[in-house]
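This is my_file-v2.json. It holds JSON, C-alpha atoms.
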[["chain", "number", "residue", "atom", "x", "y", "z"],
["A", 246, "MET", "CA", 12.25, 4.50, -46.15],
["A", 247, "LEU", "CA", 10.65, 1.06, -46.11],
["A", 248, "ALA", "CA", 9.69, 1.34, -42.44],
["A", 249, "LEU", "CA", 8.59, 4.96, -42.80],
["A", 250, "MET", "CA", 6.33, 4.19, -45.75],
["A", 251, "ALA", "CA", 4.78, 1.27, -43.87],
["A", 252, "VAL", "CA", 3.95, 3.50, -40.89],
["A", 253, "LEU", "CA", 2.64, 6.31, -43.11],
["A", 254, "LEU", "CA", 0.44, 4.03, -45.24],
["A", 255, "HIS", "CA", -0.99, 2.39, -42.13],
["A", 256, "ARG", "CA", -1.64, 5.78, -40.54],
["A", 257, "LEU", "CA", -3.59, 6.74, -43.68],
["A", 258, "ALA", "CA", -5.61, 3.48, -43.40],
["A", 259, "ILE", "CA", -4.23, 2.23, -46.72],
["A", 260, "LEU", "CA", -2.14, -0.63, -45.30],
["A", 261, "ALA", "CA", -3.62, -3.04, -42.74],
["A", 262, "LEU", "CA", -1.80, -3.36, -39.42],
["A", 263, "PRO", "CA", -0.62, -7.01, -39.90],
["A", 264, "ASN", "CA", 0.84, -6.09, -43.29],
["A", 265, "ALA", "CA", 2.47, -2.98, -41.83],
["A", 266, "VAL", "CA", 4.04, -5.07, -39.05],
["A", 267, "ALA", "CA", 5.39, -7.54, -41.63],
["A", 268, "VAL", "CA", 6.98, -4.72, -43.65],
["A", 269, "ILE", "CA", 8.50, -3.17, -40.52],
["A", 270, "LEU", "CA", 10.00, -6.56, -39.56],
["A", 271, "ILE", "CA", 11.59, -6.79, -43.02],
["A", 272, "ALA", "CA", 12.95, -3.26, -42.58],
["A", 273, "THR", "CA", 14.28, -4.26, -39.15],
["A", 274, "PHE", "CA", 16.17, -7.20, -40.67],
["A", 275, "LEU", "CA", 17.72, -4.88, -43.27],
["A", 276, "ALA", "CA", 18.58, -2.35, -40.55],
["A", 277, "MET", "CA", 20.36, -5.04, -38.51],
["A", 278, "LEU", "CA", 22.34, -6.00, -41.62],
["A", 279, "VAL", "CA", 23.26, -2.35, -42.28],
["A", 280, "PHE", "CA", 24.25, -1.85, -38.64],
["A", 281, "GLY", "CA", 26.54, -4.89, -38.76],
["A", 282, "LEU", "CA", 28.18, -3.68, -41.99],
["A", 283, "ALA", "CA", 28.64, -0.22, -40.46],
["A", 284, "VAL", "CA", 30.42, -1.75, -37.45],
["A", 285, "ILE", "CA", 32.70, -3.69, -39.81],
["A", 286, "GLY", "CA", 33.41, -0.45, -41.69],
["A", 287, "PHE", "CA", 34.42, 1.34, -38.46],
["A", 288, "ILE", "CA", 36.69, -1.56, -37.47],
["A", 289, "MET", "CA", 38.44, -1.49, -40.85],
["A", 290, "LEU", "CA", 38.74, 2.30, -40.62],
["A", 291, "TRP", "CA", 40.38, 1.99, -37.20],
["A", 292, "HIS", "CA", 42.81, -0.82, -38.08],
["A", 293, "ILE", "CA", 43.88, -0.16, -41.66],
["A", 294, "GLY", "CA", 42.50, 3.30, -42.40],
["A", 295, "ALA", "CA", 40.06, 2.02, -44.99],
["A", 296, "LYS", "CA", 37.81, 4.53, -46.70],
["A", 297, "GLY", "CA", 34.09, 4.62, -46.05],
["A", 298, "GLY", "CA", 33.87, 6.21, -42.61],
["A", 299, "HIS", "CA", 31.18, 8.68, -43.70],
["A", 300, "ALA", "CA", 29.15, 5.92, -45.36],
["A", 301, "SER", "CA", 29.44, 3.72, -42.27],
["A", 302, "PHE", "CA", 28.29, 6.58, -40.04],
["A", 303, "SER", "CA", 25.33, 7.40, -42.29],
["A", 304, "GLY", "CA", 24.34, 3.75, -42.49],
["A", 305, "MET", "CA", 24.49, 3.34, -38.71],
["A", 306, "VAL", "CA", 22.32, 6.43, -38.14],
["A", 307, "MET", "CA", 19.72, 5.22, -40.64],
["A", 308, "ALA", "CA", 19.72, 1.75, -39.09],
["A", 309, "LEU", "CA", 19.24, 3.16, -35.58],
["A", 310, "LEU", "CA", 16.24, 5.17, -36.75],
["A", 311, "VAL", "CA", 14.54, 1.81, -37.28],
["A", 312, "LEU", "CA", 16.19, -0.30, -34.58],
["A", 313, "VAL", "CA", 15.57, 2.06, -31.65],
["A", 314, "PRO", "CA", 11.73, 2.25, -31.88],
["A", 315, "VAL", "CA", 11.51, -1.43, -32.81],
["A", 316, "GLY", "CA", 13.76, -2.25, -29.85],
["A", 317, "LEU", "CA", 11.52, -0.28, -27.49],
["A", 318, "ALA", "CA", 8.48, -2.14, -28.82],
["A", 319, "ALA", "CA", 10.31, -5.47, -28.43],
["A", 320, "ALA", "CA", 11.17, -4.60, -24.83],
["A", 321, "ARG", "CA", 7.49, -3.99, -24.10],
["A", 322, "TYR", "CA", 6.59, -7.21, -25.86],
["A", 323, "VAL", "CA", 8.94, -9.18, -23.60],
["A", 324, "THR", "CA", 8.38, -7.39, -20.28],
["A", 325, "LEU", "CA", 4.60, -6.86, -20.43],
["A", 326, "PRO", "CA", 2.01, -9.67, -20.44],
["A", 327, "ALA", "CA", 0.39, -10.75, -23.69],
["A", 328, "LEU", "CA", -2.91, -8.87, -23.36],
["A", 329, "HIS", "CA", -5.10, -7.34, -26.04],
["A", 330, "ASP", "CA", -8.10, -6.57, -23.80],
["A", 331, "VAL", "CA", -7.85, -4.59, -20.54],
["A", 332, "SER", "CA", -10.65, -3.67, -18.13],
["A", 333, "THR", "CA", -10.90, -1.85, -14.81],
["A", 334, "ASP", "CA", -13.30, -4.56, -13.62],
["A", 335, "ILE", "CA", -11.67, -7.98, -13.96],
["A", 336, "GLU", "CA", -14.64, -9.76, -12.35],
["A", 337, "ASP", "CA", -17.44, -8.28, -14.48],
["A", 338, "PRO", "CA", -15.95, -6.29, -17.40],
["A", 339, "PRO", "CA", -18.33, -4.15, -19.50],
["A", 340, "GLN", "CA", -19.77, -6.07, -22.46],
["A", 341, "TRP", "CA", -19.42, -4.78, -26.01],
["A", 342, "LEU", "CA", -22.52, -3.14, -27.42],
["A", 343, "GLU", "CA", -21.20, -3.80, -30.94],
["A", 344, "PRO", "CA", -18.48, -6.49, -31.10],
["A", 345, "PRO", "CA", -15.29, -4.98, -32.62],
["A", 346, "PRO", "CA", -14.56, -6.23, -36.15],
["A", 347, "PHE", "CA", -11.96, -8.96, -36.46],
["A", 348, "VAL", "CA", -10.05, -9.96, -39.58],
["A", 349, "ALA", "CA", -7.92, -13.12, -39.44],
["A", 350, "SER", "CA", -4.24, -12.61, -40.29],
["A", 351, "TRP", "CA", -0.82, -14.05, -39.58],
["A", 352, "LEU", "CA", -0.88, -12.31, -36.18],
["A", 353, "LEU", "CA", -2.22, -14.86, -33.68],
["A", 354, "ARG", "CA", -5.36, -13.74, -31.88],
["A", 355, "SER", "CA", -7.43, -15.22, -29.05],
["A", 356, "ASP", "CA", -10.87, -13.68, -28.57],
["A", 357, "GLU", "CA", -11.47, -15.36, -25.20],
["A", 358, "VAL", "CA", -10.33, -13.51, -22.08],
["A", 359, "ASP", "CA", -10.18, -16.04, -19.23],
["A", 360, "PRO", "CA", -9.67, -15.36, -15.48],
["A", 361, "ALA", "CA", -5.98, -16.23, -15.75],
["A", 362, "THR", "CA", -5.51, -13.47, -18.31],
["A", 363, "ARG", "CA", -7.33, -10.99, -16.08],
["A", 364, "ASN", "CA", -5.02, -11.95, -13.21],
["A", 365, "LEU", "CA", -2.04, -11.20, -15.43],
["A", 366, "GLN", "CA", -3.54, -7.76, -16.01],
["A", 367, "LEU", "CA", -3.97, -7.23, -12.26],
["A", 368, "GLN", "CA", -0.31, -8.02, -11.67],
["A", 369, "ALA", "CA", 0.98, -5.90, -14.55],
["A", 370, "TYR", "CA", -1.35, -2.89, -14.16],
["A", 371, "PRO", "CA", -2.52, -2.68, -10.52],
["A", 372, "SER", "CA", -3.41, 1.01, -10.95],
["A", 373, "VAL", "CA", -5.95, 0.32, -13.72],
["A", 374, "THR", "CA", -9.06, 0.48, -11.54],
["A", 375, "GLY", "CA", -12.43, 2.21, -11.73],
["A", 376, "ARG", "CA", -13.32, 5.57, -10.20],
["A", 377, "ARG", "CA", -16.11, 6.57, -7.85],
["A", 378, "TYR", "CA", -17.37, 10.15, -7.98],
["A", 379, "GLU", "CA", -19.54, 11.94, -5.46],
["A", 380, "GLY", "CA", -22.34, 12.97, -7.78],
["A", 381, "ALA", "CA", -25.27, 11.69, -9.79],
["A", 382, "ILE", "CA", -24.79, 10.10, -13.19],
["A", 383, "ASP", "CA", -26.21, 13.15, -14.97],
["A", 384, "ARG", "CA", -23.28, 15.14, -13.58],
["A", 385, "VAL", "CA", -20.54, 12.65, -14.46],
["A", 386, "LEU", "CA", -21.80, 11.72, -17.95],
["A", 387, "PRO", "CA", -21.23, 15.19, -19.52],
["A", 388, "ALA", "CA", -17.65, 15.12, -18.20],
["A", 389, "VAL", "CA", -17.08, 11.68, -19.74],
["A", 390, "ASN", "CA", -18.47, 12.92, -23.05],
["A", 391, "ALA", "CA", -16.28, 16.04, -22.92],
["A", 392, "VAL", "CA", -13.08, 14.07, -22.24],
["A", 393, "ALA", "CA", -13.90, 11.66, -25.08],
["A", 394, "ALA", "CA", -14.57, 14.61, -27.41],
["A", 395, "ASP", "CA", -11.23, 16.18, -26.47],
["A", 396, "ALA", "CA", -9.52, 12.88, -27.34],
["A", 397, "LYS", "CA", -11.44, 12.80, -30.66],
["A", 398, "TRP", "CA", -13.06, 9.46, -29.92],
["A", 399, "VAL", "CA", -15.92, 8.39, -32.19],
["A", 400, "LEU", "CA", -19.11, 7.25, -30.45],
["A", 401, "VAL", "CA", -20.24, 3.89, -31.86],
["A", 402, "ALA", "CA", -23.17, 2.93, -29.62],
["A", 403, "ASN", "CA", -24.62, 3.68, -26.21],
["A", 404, "ILE", "CA", -27.20, 2.51, -23.70],
["A", 405, "GLY", "CA", -28.95, 5.02, -21.42],
["A", 406, "ALA", "CA", -26.83, 7.98, -22.48],
["A", 407, "GLU", "CA", -29.30, 9.48, -24.96],
["A", 408, "THR", "CA", -32.03, 9.80, -22.34],
["A", 409, "LEU", "CA", -29.63, 11.52, -19.96],
["A", 410, "PHE", "CA", -28.35, 13.91, -22.63],
["A", 411, "ASP", "CA", -31.92, 14.81, -23.63],
["A", 412, "GLY", "CA", -32.55, 15.98, -20.10],
["A", 413, "LEU", "CA", -29.35, 18.00, -20.04],
["A", 414, "GLU", "CA", -29.78, 19.93, -23.32],
["A", 415, "GLU", "CA", -29.59, 23.66, -22.88],
["A", 416, "ASN", "CA", -32.60, 25.77, -23.78],
["A", 417, "LEU", "CA", -31.23, 27.79, -26.65],
["A", 418, "ALA", "CA", -34.49, 29.67, -27.06],
["A", 419, "ASP", "CA", -34.09, 31.11, -23.56],
["A", 420, "GLU", "CA", -30.61, 32.37, -24.46],
["A", 421, "GLU", "CA", -31.98, 34.06, -27.58],
["A", 422, "ASP", "CA", -34.72, 35.71, -25.50],
["A", 423, "GLU", "CA", -32.10, 37.04, -23.09],
["A", 424, "GLU", "CA", -30.10, 38.52, -25.96],
["A", 425, "ALA", "CA", -33.22, 40.12, -27.48],
["A", 426, "ALA", "CA", -34.23, 41.59, -24.12],
["A", 427, "SER", "CA", -31.42, 44.14, -24.35],
["A", 428, "GLY", "CA", -32.97, 45.76, -27.46],
["A", 429, "GLU", "CA", -36.28, 47.44, -28.20],
["A", 430, "ALA", "CA", -39.53, 45.66, -27.45],
["A", 431, "ASP", "CA", -41.03, 43.73, -30.36],
["A", 432, "PRO", "CA", -44.84, 43.42, -30.18],
["A", 433, "SER", "CA", -44.76, 40.31, -32.35],
["A", 434, "ARG", "CA", -42.69, 38.57, -29.69],
["A", 435, "ALA", "CA", -45.18, 39.24, -26.90],
["A", 436, "PRO", "CA", -46.02, 36.07, -24.93],
["A", 437, "VAL", "CA", -49.40, 34.49, -25.60],
["A", 438, "PRO", "CA", -51.23, 33.19, -22.52],
["A", 439, "VAL", "CA", -51.76, 29.43, -22.60],
["A", 440, "PRO", "CA", -53.51, 27.11, -20.17],
["A", 441, "ARG", "CA", -51.34, 25.91, -17.34],
["A", 442, "PRO", "CA", -50.35, 22.28, -17.97],
["A", 443, "GLY", "CA", -51.45, 19.78, -15.40],
["A", 444, "VAL", "CA", -47.94, 18.94, -14.25],
["A", 445, "GLU", "CA", -49.29, 17.53, -11.02],
["A", 446, "SER", "CA", -51.07, 14.75, -12.87],
["A", 447, "ASP", "CA", -48.21, 13.97, -15.29],
["A", 448, "TRP", "CA", -46.05, 10.97, -14.49],
["A", 449, "LEU", "CA", -42.33, 11.77, -14.77],
["A", 450, "GLU", "CA", -40.13, 8.93, -15.91],
["A", 451, "PRO", "CA", -37.02, 8.69, -13.71],
["A", 452, "LEU", "CA", -33.65, 9.26, -15.32],
["A", 453, "PRO", "CA", -31.52, 6.15, -15.92],
["A", 454, "THR", "CA", -28.96, 5.22, -13.27],
["A", 455, "PHE", "CA", -26.87, 3.15, -15.69],
["A", 456, "ALA", "CA", -25.19, 4.01, -18.98],
["A", 457, "VAL", "CA", -22.67, 2.39, -21.32],
["A", 458, "LEU", "CA", -20.87, 4.17, -24.15],
["A", 459, "GLN", "CA", -18.74, 2.48, -26.80],
["A", 460, "TYR", "CA", -16.11, 4.43, -28.74],
["A", 461, "ARG", "CA", -13.47, 3.74, -31.34],
["A", 462, "THR", "CA", -10.18, 5.56, -31.64],
["A", 463, "ARG", "CA", -6.63, 5.26, -33.01],
["A", 464, "THR", "CA", -3.25, 5.84, -31.45],
["A", 465, "LEU", "CA", -1.70, 9.20, -32.29],
["A", 466, "VAL", "CA", 1.50, 8.15, -34.09],
["A", 467, "LEU", "CA", 0.98, 4.64, -35.46],
["A", 468, "GLY", "CA", -2.81, 4.83, -35.85],
["A", 469, "ILE", "CA", -3.44, 1.45, -34.18],
["A", 470, "PRO", "CA", -7.24, 0.91, -33.89],
["A", 471, "GLN", "CA", -8.66, 0.64, -30.36],
["A", 472, "ASP", "CA", -12.19, 0.02, -29.10],
["A", 473, "VAL", "CA", -13.25, 1.53, -25.77],
["A", 474, "LEU", "CA", -16.18, 1.00, -23.40],
["A", 475, "VAL", "CA", -17.16, 3.40, -20.59],
["A", 476, "ARG", "CA", -19.70, 2.13, -18.06],
["A", 477, "LEU", "CA", -21.35, 4.44, -15.52],
["A", 478, "SER", "CA", -23.35, 3.09, -12.57],
["A", 479, "GLU", "CA", -25.13, 5.34, -10.08],
["A", 480, "GLU", "CA", -25.05, 4.01, -6.52],
["A", 481, "GLU", "CA", -26.47, 6.03, -3.60],
["A", 482, "GLU", "CA", -25.69, 9.52, -4.94],
["A", 483, "THR", "CA", -22.32, 8.39, -6.27],
["A", 484, "THR", "CA", -21.34, 7.28, -9.76],
["A", 485, "PHE", "CA", -18.84, 4.51, -10.46],
["A", 486, "VAL", "CA", -16.98, 4.61, -13.79],
["A", 487, "ASP", "CA", -15.53, 1.44, -15.32],
["A", 488, "MET", "CA", -13.66, 1.15, -18.60],
["A", 489, "ARG", "CA", -12.57, -1.48, -21.09],
["A", 490, "ALA", "CA", -10.14, -1.06, -23.99],
["A", 491, "ALA", "CA", -9.01, -3.53, -26.64],
["A", 492, "THR", "CA", -6.89, -3.63, -29.75],
["A", 493, "ARG", "CA", -8.06, -5.49, -32.85],
["A", 494, "ASP", "CA", -4.94, -7.32, -34.09],
["A", 495, "GLY", "CA", -2.66, -9.75, -32.33],
["A", 496, "ASN", "CA", -2.55, -10.96, -28.74],
["A", 497, "HIS", "CA", -0.27, -8.20, -27.43],
["A", 498, "ASP", "CA", -1.16, -4.52, -27.12],
["A", 499, "LEU", "CA", 2.31, -3.43, -25.87],
["A", 500, "GLY", "CA", 0.60, -1.71, -22.93],
["A", 501, "LEU", "CA", -1.40, 0.69, -25.12],
["A", 502, "ASN", "CA", -4.81, -0.19, -23.66],
["A", 503, "ALA", "CA", -3.71, 0.29, -20.05],
["A", 504, "GLU", "CA", -2.17, 3.63, -20.99],
["A", 505, "LEU", "CA", -5.40, 4.72, -22.71],
["A", 506, "ILE", "CA", -7.52, 3.89, -19.65],
["A", 507, "THR", "CA", -5.08, 5.53, -17.25],
["A", 508, "ARG", "CA", -4.89, 8.71, -19.34],
["A", 509, "PHE", "CA", -8.67, 8.95, -19.76],
["A", 510, "LEU", "CA", -9.41, 8.49, -16.06],
["A", 511, "ARG", "CA", -6.72, 11.02, -15.17],
["A", 512, "ASP", "CA", -8.31, 13.59, -17.48],
["A", 513, "LEU", "CA", -11.73, 12.74, -16.06],
["A", 514, "ASP", "CA", -10.38, 13.28, -12.53],
["A", 515, "VAL", "CA", -9.16, 16.71, -13.55],
["A", 516, "ARG", "CA", -12.49, 17.64, -15.12],
["A", 517, "LEU", "CA", -14.39, 16.40, -12.07],
["A", 518, "LEU", "CA", -11.83, 17.78, -9.62],
["A", 519, "GLY", "CA", -13.05, 17.66, -6.06],
["A", 520, "ILE", "CA", -15.64, 14.91, -6.33],
["A", 521, "ALA", "CA", -13.43, 11.87, -7.03],
["A", 522, "GLY", "CA", -13.60, 9.10, -4.48],
["A", 523, "GLY", "CA", -12.09, 5.67, -3.90]]
Write the structure described by the file as structure tokens, please.
Amino acid sequence: MLALMAVLLHRLAILALPNAVAVILIATFLAMLVFGLAVIGFIMLWHIGAKGGHASFSGMVMALLVLVPVGLAAARYVTLPALHDVSTDIEDPPQWLEPPPFVASWLLRSDEVDPATRNLQLQAYPSVTGRRYEGAIDRVLPAVNAVAADAKWVLVANIGAETLFDGLEENLADEEDEEAASGEADPSRAPVPVPRPGVESDWLEPLPTFAVLQYRTRTLVLGIPQDVLVRLSEEEETTFVDMRAATRDGNHDLGLNAELITRFLRDLDVRLLGIAGG
């Protein structure tokens, strides 16, 4: 119950992650104690027929409910490198538009990501790389936005995306006119002749070929906060997509950021099926 309440309160944003981790560690210590006592109870039951077999079994099951997930997390902590910031571009990672908030706690945290750390990422997650798509940026950006919306990411800031989206907005008035065309003619809706605009003399501003979007999200079960950057660069009728993901507490993300990037790019590949390149 101690571990469950810690997870639930953190998921509801009532308990901060460092405090939740501290409570879960206390629950893990109690679970290890209960597991040891349950083993002693089984040994005594086997040798001298002591009572308490049902209590030992119940205690062991309750202890394993805590020890198994904590053990899986500990295995990731030991086998995976201590990274809290992962990027598909280790040479020139996307820069934060709004630096993620940081609150000091008992969990050690290093804000600097040096080349040695990036090399650790390359060795641990060689498949975390960017994607090149055969298409202009105004074709890839809506797909990126749709995948982020499906994942319920919250847009924090962007550069260049608003201009592109303004040029891609659907003309709802045209749709309404098409629906009204199926009914009787309405004289009040008759078009009024207007002078033809001098489009030949107007200067059209080119659409941006570069965009950066910053999102925030939380993991599904534990609700661990994550900050995400998506960078799109148009190069000779192709668009290259880079990503960066980071957790806010501690120096170890347990592989969550690499999984987030891999899952997002996989979903983006599916949405843009047929135009993905190397």
For this session: Find the residues around segment 372-380 of chain A up to 8 Å (all atoms listed in the file counted), leave out those fewer than 5 positions away in its own chain, and share them as a list in words.
Result: Ser332, Thr333, Asp334, Leu367, Val385, Glu482, Thr483, Thr484, Phe485, Val486, Asp487, Met488, Ala503, Ile506, Thr507, Leu510, Ile520, Ala521, Gly522 and Gly523 of chain A
Exercise. What's the 9 Å shell around segment 264-266 of chain A, counting only C-alpha atoms, without same-chain residues fewer than 5 positions away, as a PyMOL selection string?
Worked result: chain A and resi 248+251-252+254-255+271+350-351
Problem set entry | Atom pair atom CA of Leu342 of chain A / atom CA of Val358 of chain A: separation (Å) | 16.9 Å
Exercise. So, counting all atoms listed in the file, which residue among A:Val323, A:Met305, A:Ala261, A:Leu282 is closest to Leu352 of chain A?
Worked result: A:Ala261
For this session: Report the distance between atom CA of Ile404 of chain A and atom CA of Val457 of chain A in Å, rounded to one decimal place.
Result: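 Interatomic distance, atom CA of Ile404 of chain A to atom CA of Val457 of chain A: 5.1 Å.
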For this session: Name the residues in contact with Pro326 of chain A at a cut-off of 7 Å, using all atoms listed in the file, excluding same-chain residues fewer than 2 positions from it; report them as JSON, numbers by chain.
Result: {"A": [324, 328, 365]}
(17.8, -5.9, -40.1) in this file's frame - what residues fall within 12 Å of it? Use only C-alpha atoms and give the answer as a PDB file with C-alpha atoms, keeping the file's coordinate frame.
ATOM      1  CA  LEU A 247      10.650   1.060 -46.110  1.00  0.00           C
ATOM      2  CA  ALA A 248       9.690   1.340 -42.440  1.00  0.00           C
ATOM      3  CA  VAL A 268       6.980  -4.720 -43.650  1.00  0.00           C
ATOM      4  CA  ILE A 269       8.500  -3.170 -40.520  1.00  0.00           C
ATOM      5  CA  LEU A 270      10.000  -6.560 -39.560  1.00  0.00           C
ATOM      6  CA  ILE A 271      11.590  -6.790 -43.020  1.00  0.00           C
ATOM      7  CA  ALA A 272      12.950  -3.260 -42.580  1.00  0.00           C
ATOM      8  CA  THR A 273      14.280  -4.260 -39.150  1.00  0.00           C
ATOM      9  CA  PHE A 274      16.170  -7.200 -40.670  1.00  0.00           C
ATOM     10  CA  LEU A 275      17.720  -4.880 -43.270  1.00  0.00           C
ATOM     11  CA  ALA A 276      18.580  -2.350 -40.550  1.00  0.00           C
ATOM     12  CA  MET A 277      20.360  -5.040 -38.510  1.00  0.00           C
ATOM     13  CA  LEU A 278      22.340  -6.000 -41.620  1.00  0.00           C
ATOM     14  CA  VAL A 279      23.260  -2.350 -42.280  1.00  0.00           C
ATOM     15  CA  PHE A 280      24.250  -1.850 -38.640  1.00  0.00           C
ATOM     16  CA  GLY A 281      26.540  -4.890 -38.760  1.00  0.00           C
ATOM     17  CA  LEU A 282      28.180  -3.680 -41.990  1.00  0.00           C
ATOM     18  CA  GLY A 304      24.340   3.750 -42.490  1.00  0.00           C
ATOM     19  CA  MET A 305      24.490   3.340 -38.710  1.00  0.00           C
ATOM     20  CA  MET A 307      19.720   5.220 -40.640  1.00  0.00           C
ATOM     21  CA  ALA A 308      19.720   1.750 -39.090  1.00  0.00           C
ATOM     22  CA  LEU A 309      19.240   3.160 -35.580  1.00  0.00           C
ATOM     23  CA  LEU A 310      16.240   5.170 -36.750  1.00  0.00           C
ATOM     24  CA  VAL A 311      14.540   1.810 -37.280  1.00  0.00           C
ATOM     25  CA  LEU A 312      16.190  -0.300 -34.580  1.00  0.00           C
ATOM     26  CA  VAL A 313      15.570   2.060 -31.650  1.00  0.00           C
ATOM     27  CA  VAL A 315      11.510  -1.430 -32.810  1.00  0.00           C
ATOM     28  CA  GLY A 316      13.760  -2.250 -29.850  1.00  0.00           C
TER      29      GLY A 316
END
Can I get the residues of segment 489-518 of chain A within 9 Å of segment 345-348 of chain A, each with the closest pair of atoms and their distance in Å to one decimal, using only C-alpha atoms, sorted chain first then ascending number, as CSV?
residue,atom,partner,partner_atom,distance
A:Ala491,CA,A:Pro345,CA,8.8
A:Thr492,CA,A:Pro345,CA,9.0
A:Arg493,CA,A:Phe347,CA,6.3
A:Asp494,CA,A:Phe347,CA,7.6
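For the choices A:Ala300, A:Asp512, A:Met289, A:Trp398, the atom-to-atom distance to Gln471 of chain A is smallest for A:Trp398 when using all atoms listed in the file.
One finds atom CA of Arg508 of chain A at 19.0 Å from atom CA of Gln368 of chain A.
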Exercise. Counting all atoms listed in the file, which of A:Phe509, A:Arg489, A:Arg354, A:His292 gets nearest to Asp337 of chain A?
Worked result: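 Smallest separation from Asp337 of chain A among the options: A:Arg489.
Considering the residues A:Gln340, A:Ser301, A:Thr462, A:Asn496 and counting only C-alpha atoms, Val284 of chain A has its shortest atom-to-atom contact with A:Ser301.
You can rank A:Arg256, A:Phe287, A:Leu517, A:Asp359 by their closest distance to Leu465 of chain A using only C-alpha atoms, and at the top of that list sits A:Arg256.
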Please output segment 471-482 of chain A, rebuilt to include N, CA, C and O atoms, as a short mmCIF file (atom, residue, chain, number, x, y, z; two decimals), in the coordinates of the input.
data_model
loop_
_atom_site.label_atom_id
_atom_site.label_comp_id
_atom_site.auth_asym_id
_atom_site.auth_seq_id
_atom_site.Cartn_x
_atom_site.Cartn_y
_atom_site.Cartn_z
N GLN A 471 -8.28 1.06 -31.70
CA GLN A 471 -8.66 0.64 -30.36
C GLN A 471 -10.16 0.84 -30.17
O GLN A 471 -10.72 1.83 -30.66
N ASP A 472 -10.78 -0.09 -29.46
CA ASP A 472 -12.19 0.02 -29.10
C ASP A 472 -12.29 0.22 -27.59
O ASP A 472 -11.57 -0.44 -26.82
N VAL A 473 -13.19 1.12 -27.17
CA VAL A 473 -13.25 1.53 -25.77
C VAL A 473 -14.70 1.48 -25.29
O VAL A 473 -15.62 1.89 -26.02
N LEU A 474 -14.89 0.98 -24.07
CA LEU A 474 -16.18 1.00 -23.40
C LEU A 474 -16.06 1.82 -22.12
O LEU A 474 -15.06 1.70 -21.39
N VAL A 475 -17.07 2.65 -21.85
CA VAL A 475 -17.16 3.40 -20.59
C VAL A 475 -18.51 3.07 -19.97
O VAL A 475 -19.54 3.30 -20.59
N ARG A 476 -18.48 2.52 -18.76
CA ARG A 476 -19.70 2.13 -18.06
C ARG A 476 -19.88 3.00 -16.81
O ARG A 476 -18.96 3.12 -16.00
N LEU A 477 -21.05 3.60 -16.67
CA LEU A 477 -21.35 4.44 -15.52
C LEU A 477 -22.51 3.82 -14.75
O LEU A 477 -23.55 3.50 -15.33
N SER A 478 -22.33 3.67 -13.43
CA SER A 478 -23.35 3.09 -12.57
C SER A 478 -23.57 4.01 -11.38
O SER A 478 -22.61 4.29 -10.63
N GLU A 479 -24.80 4.47 -11.21
CA GLU A 479 -25.13 5.34 -10.08
C GLU A 479 -25.49 4.49 -8.86
O GLU A 479 -26.34 3.60 -8.95
N GLU A 480 -24.84 4.77 -7.75
CA GLU A 480 -25.05 4.01 -6.52
C GLU A 480 -25.09 4.98 -5.34
O GLU A 480 -24.06 5.52 -4.93
N GLU A 481 -26.30 5.22 -4.80
CA GLU A 481 -26.47 6.03 -3.60
C GLU A 481 -25.77 7.39 -3.72
O GLU A 481 -24.87 7.73 -2.96
N GLU A 482 -26.19 8.17 -4.70
CA GLU A 482 -25.69 9.52 -4.94
C GLU A 482 -24.21 9.57 -5.31
O GLU A 482 -23.56 10.60 -5.20
#
